[in-house]
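Student: So I've got this file, coords-v4.cif, and it contains mmCIF, C-alpha atoms:
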data_upload
loop_
_atom_site.label_atom_id
_atom_site.label_comp_id
_atom_site.auth_asym_id
_atom_site.auth_seq_id
_atom_site.Cartn_x
_atom_site.Cartn_y
_atom_site.Cartn_z
CA MET A 30 -45.03 -13.83 58.85
CA PRO A 31 -45.87 -10.56 57.03
CA LYS A 32 -47.19 -10.66 53.46
CA VAL A 33 -44.66 -9.01 51.13
CA GLU A 34 -45.36 -7.98 47.53
CA ILE A 35 -43.38 -5.92 45.05
CA VAL A 36 -45.54 -4.01 42.59
CA SER A 37 -43.99 -2.27 39.60
CA ASN A 38 -46.37 0.58 38.83
CA GLU A 39 -47.05 1.39 35.19
CA ASN A 40 -44.63 4.19 34.27
CA GLY A 41 -43.58 4.49 37.91
CA PRO A 42 -41.54 3.04 40.78
CA ASN A 43 -41.35 -0.39 42.34
CA LEU A 44 -43.52 -0.34 45.45
CA VAL A 45 -42.56 -2.67 48.29
CA MET A 46 -45.83 -3.59 50.01
CA VAL A 47 -45.86 -5.16 53.48
CA ASP A 48 -49.26 -6.41 54.67
CA GLY A 49 -50.97 -4.28 52.00
CA LYS A 50 -49.25 -1.01 52.93
CA VAL A 51 -46.51 0.75 50.95
CA SER A 52 -43.24 0.29 52.82
CA MET A 53 -41.01 2.04 50.26
CA ALA A 54 -40.88 3.18 46.63
CA LEU A 55 -37.78 2.15 44.70
CA CYS A 56 -36.56 3.90 41.54
CA ARG A 57 -37.13 2.08 38.25
CA CYS A 58 -36.17 4.81 35.81
CA GLY A 59 -32.56 5.24 36.95
CA HIS A 60 -32.81 9.04 37.20
CA SER A 61 -33.66 9.53 40.90
CA SER A 62 -31.37 11.82 42.89
CA HIS A 63 -32.08 9.67 45.97
CA LYS A 64 -31.35 6.16 44.64
CA PRO A 65 -32.42 3.59 45.43
CA MET A 66 -35.51 5.53 46.54
CA CYS A 67 -37.90 7.10 44.03
CA ASP A 68 -38.04 10.90 44.02
CA GLY A 69 -40.65 11.27 41.25
CA THR A 70 -38.15 12.09 38.48
CA HIS A 71 -39.73 9.37 36.28
CA ARG A 72 -42.52 11.84 35.47
CA SER A 73 -40.22 14.53 34.07
CA VAL A 74 -38.00 12.14 32.06
CA GLY A 75 -40.93 10.37 30.39
CA PHE A 76 -40.19 6.92 31.83
CA ARG A 77 -42.44 4.21 30.36
CA ALA A 78 -42.78 0.61 31.57
CA ASP A 79 -45.53 -1.94 32.07
CA LYS A 80 -47.09 -2.82 35.41
CA ALA A 81 -45.86 -6.05 37.02
CA GLN A 82 -46.31 -7.80 40.35
CA LEU A 83 -44.18 -10.22 42.36
CA LYS A 84 -45.61 -12.04 45.35
CA VAL A 85 -43.21 -13.48 47.87
CA ILE A 86 -44.49 -16.82 49.14
CA ASP A 87 -43.17 -18.76 52.14
#
Please express the file's structure as structure tokens.
Tutor:
Amino acid sequence: MPKVEIVSNENGPNLVMVDGKVSMALCRCGHSSHKPMCDGTHRSVGFRADKAQLKVID
């Protein structure tokens, strides 16, 4: 079974990590033109949020 983690980067997107590698970056700021994927817009809109981590356990 692969190890899956979701890491919310400080002031950035939610990163879905599978076996330690980034699988996808999901928008947290709500301004992406490619929702649900992050397109980097969080930088230009001044999005601020704390870092958080969720580990999925069998």
Student: Let me know the residues the PyMOL selection byres ((chain A and resi 60) around 8) catches in the file above, as a short mmCIF file (atom, residue, chain, number, x, y, z; two decimals) with C-alpha atoms, keeping the file's coordinate frame.
Tutor:
data_model
loop_
_atom_site.label_atom_id
_atom_site.label_comp_id
_atom_site.auth_asym_id
_atom_site.auth_seq_id
_atom_site.Cartn_x
_atom_site.Cartn_y
_atom_site.Cartn_z
CA CYS A 56 -36.56 3.90 41.54
CA CYS A 58 -36.17 4.81 35.81
CA GLY A 59 -32.56 5.24 36.95
CA SER A 61 -33.66 9.53 40.90
CA SER A 62 -31.37 11.82 42.89
CA THR A 70 -38.15 12.09 38.48
CA HIS A 71 -39.73 9.37 36.28
CA VAL A 74 -38.00 12.14 32.06
#
Student: Could you tell me how far atom CA of Asp79 of chain A lies from atom CA of Asn40 of chain A, in Å and to one decimal?
Tutor: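 So the answer is 6.6 Å.
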Student: Go through the shown structure with the PyMOL selection byres ((chain A and resi 77) around 8) and write out the matching residues as a compact mmCIF listing (two decimals) with C-alpha atoms, in the frame of the given file.
Tutor:
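Final output, saved to part01.txt:
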# COMPACT_ATOMS: atom_id res chain seq x y z
CA GLU A 39 -47.05 1.39 35.19
CA ASN A 40 -44.63 4.19 34.27
CA GLY A 41 -43.58 4.49 37.91
CA GLY A 75 -40.93 10.37 30.39
CA PHE A 76 -40.19 6.92 31.83
CA ALA A 78 -42.78 0.61 31.57
CA ASP A 79 -45.53 -1.94 32.07
Student: Which residue out of A:Lys32, A:Ser37, A:Leu83, A:Lys64 has the minimum interatomic distance to Gly49 of chain A when all atoms listed in the file are used?
Tutor: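 Using all atoms listed in the file, Gly49 of chain A sits closest to A:Lys32.
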Student: Would you write out, as an MDAnalysis selection string, every residue that the PyMOL selection byres ((chain A and resi 45) around 10) captures in this file?
Tutor: chainID A and resid 33:37 42:44 46:55 83
Student: Would you please work out which residue, of A:Arg72, A:Arg57, A:Lys80, A:His63, is nearest to Asn38 of chain A when using all atoms listed in the file?
Tutor: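 For Asn38 of chain A, the nearest of the candidates is A:Lys80.
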Student: Could you extract chain A of the given structure into a file holding C-alpha atoms, as a PDB file, in the first residue's frame?
Tutor:
ATOM      1  CA  MET A  30       0.000   0.000   0.000  1.00  0.00           C
ATOM      2  CA  PRO A  31       1.464   3.422  -0.925  1.00  0.00           C
ATOM      3  CA  LYS A  32       2.107   6.008   1.784  1.00  0.00           C
ATOM      4  CA  VAL A  33      -0.165   9.022   1.216  1.00  0.00           C
ATOM      5  CA  GLU A  34       0.215  12.399   2.934  1.00  0.00           C
ATOM      6  CA  ILE A  35      -1.437  15.755   2.353  1.00  0.00           C
ATOM      7  CA  VAL A  36       0.759  18.711   3.223  1.00  0.00           C
ATOM      8  CA  SER A  37      -0.668  22.222   3.321  1.00  0.00           C
ATOM      9  CA  ASN A  38       2.287  24.468   2.546  1.00  0.00           C
ATOM     10  CA  GLU A  39       2.583  27.730   4.441  1.00  0.00           C
ATOM     11  CA  ASN A  40       0.983  30.386   2.221  1.00  0.00           C
ATOM     12  CA  GLY A  41       0.669  27.842  -0.593  1.00  0.00           C
ATOM     13  CA  PRO A  42      -1.221  24.862  -2.005  1.00  0.00           C
ATOM     14  CA  ASN A  43      -2.164  21.487  -0.586  1.00  0.00           C
ATOM     15  CA  LEU A  44       0.395  18.976  -1.832  1.00  0.00           C
ATOM     16  CA  VAL A  45      -0.734  15.378  -2.240  1.00  0.00           C
ATOM     17  CA  MET A  46       2.348  13.252  -1.572  1.00  0.00           C
ATOM     18  CA  VAL A  47       2.475   9.579  -2.591  1.00  0.00           C
ATOM     19  CA  ASP A  48       5.496   7.649  -1.323  1.00  0.00           C
ATOM     20  CA  GLY A  49       7.309  10.939  -0.625  1.00  0.00           C
ATOM     21  CA  LYS A  50       6.800  12.421  -4.102  1.00  0.00           C
ATOM     22  CA  VAL A  51       4.418  15.238  -5.031  1.00  0.00           C
ATOM     23  CA  SER A  52       1.501  13.730  -6.936  1.00  0.00           C
ATOM     24  CA  MET A  53      -0.491  16.966  -7.333  1.00  0.00           C
ATOM     25  CA  ALA A  54      -0.867  20.494  -5.945  1.00  0.00           C
ATOM     26  CA  LEU A  55      -4.401  21.528  -5.028  1.00  0.00           C
ATOM     27  CA  CYS A  56      -5.541  25.155  -4.728  1.00  0.00           C
ATOM     28  CA  ARG A  57      -6.071  26.488  -1.199  1.00  0.00           C
ATOM     29  CA  CYS A  58      -6.563  30.165  -1.954  1.00  0.00           C
ATOM     30  CA  GLY A  59      -9.648  29.804  -4.156  1.00  0.00           C
ATOM     31  CA  HIS A  60      -8.253  32.010  -6.941  1.00  0.00           C
ATOM     32  CA  SER A  61      -6.721  29.424  -9.300  1.00  0.00           C
ATOM     33  CA  SER A  62      -7.884  29.500 -12.917  1.00  0.00           C
ATOM     34  CA  HIS A  63      -7.347  25.714 -13.053  1.00  0.00           C
ATOM     35  CA  LYS A  64      -9.287  24.558  -9.969  1.00  0.00           C
ATOM     36  CA  PRO A  65      -8.910  22.242  -8.267  1.00  0.00           C
ATOM     37  CA  MET A  66      -5.243  22.412  -9.324  1.00  0.00           C
ATOM     38  CA  CYS A  67      -2.936  25.182  -8.110  1.00  0.00           C
ATOM     39  CA  ASP A  68      -1.688  27.595 -10.772  1.00  0.00           C
ATOM     40  CA  GLY A  69       0.437  29.790  -8.461  1.00  0.00           C
ATOM     41  CA  THR A  70      -2.120  32.605  -8.151  1.00  0.00           C
ATOM     42  CA  HIS A  71      -1.788  32.459  -4.329  1.00  0.00           C
ATOM     43  CA  ARG A  72       1.442  34.463  -4.678  1.00  0.00           C
ATOM     44  CA  SER A  73      -0.160  37.403  -6.488  1.00  0.00           C
ATOM     45  CA  VAL A  74      -3.275  37.581  -4.270  1.00  0.00           C
ATOM     46  CA  GLY A  75      -1.312  37.552  -1.010  1.00  0.00           C
ATOM     47  CA  PHE A  76      -2.791  34.292   0.322  1.00  0.00           C
ATOM     48  CA  ARG A  77      -1.703  33.554   3.899  1.00  0.00           C
ATOM     49  CA  ALA A  78      -2.245  30.309   5.829  1.00  0.00           C
ATOM     50  CA  ASP A  79      -0.326  28.119   8.255  1.00  0.00           C
ATOM     51  CA  LYS A  80       1.420  24.885   7.328  1.00  0.00           C
ATOM     52  CA  ALA A  81      -0.431  21.680   8.232  1.00  0.00           C
ATOM     53  CA  GLN A  82       0.012  17.975   7.559  1.00  0.00           C
ATOM     54  CA  LEU A  83      -2.390  15.034   7.353  1.00  0.00           C
ATOM     55  CA  LYS A  84      -1.090  11.484   7.266  1.00  0.00           C
ATOM     56  CA  VAL A  85      -3.379   8.785   5.944  1.00  0.00           C
ATOM     57  CA  ILE A  86      -2.943   5.604   7.963  1.00  0.00           C
ATOM     58  CA  ASP A  87      -4.283   2.153   7.057  1.00  0.00           C
TER      59      ASP A  87
END
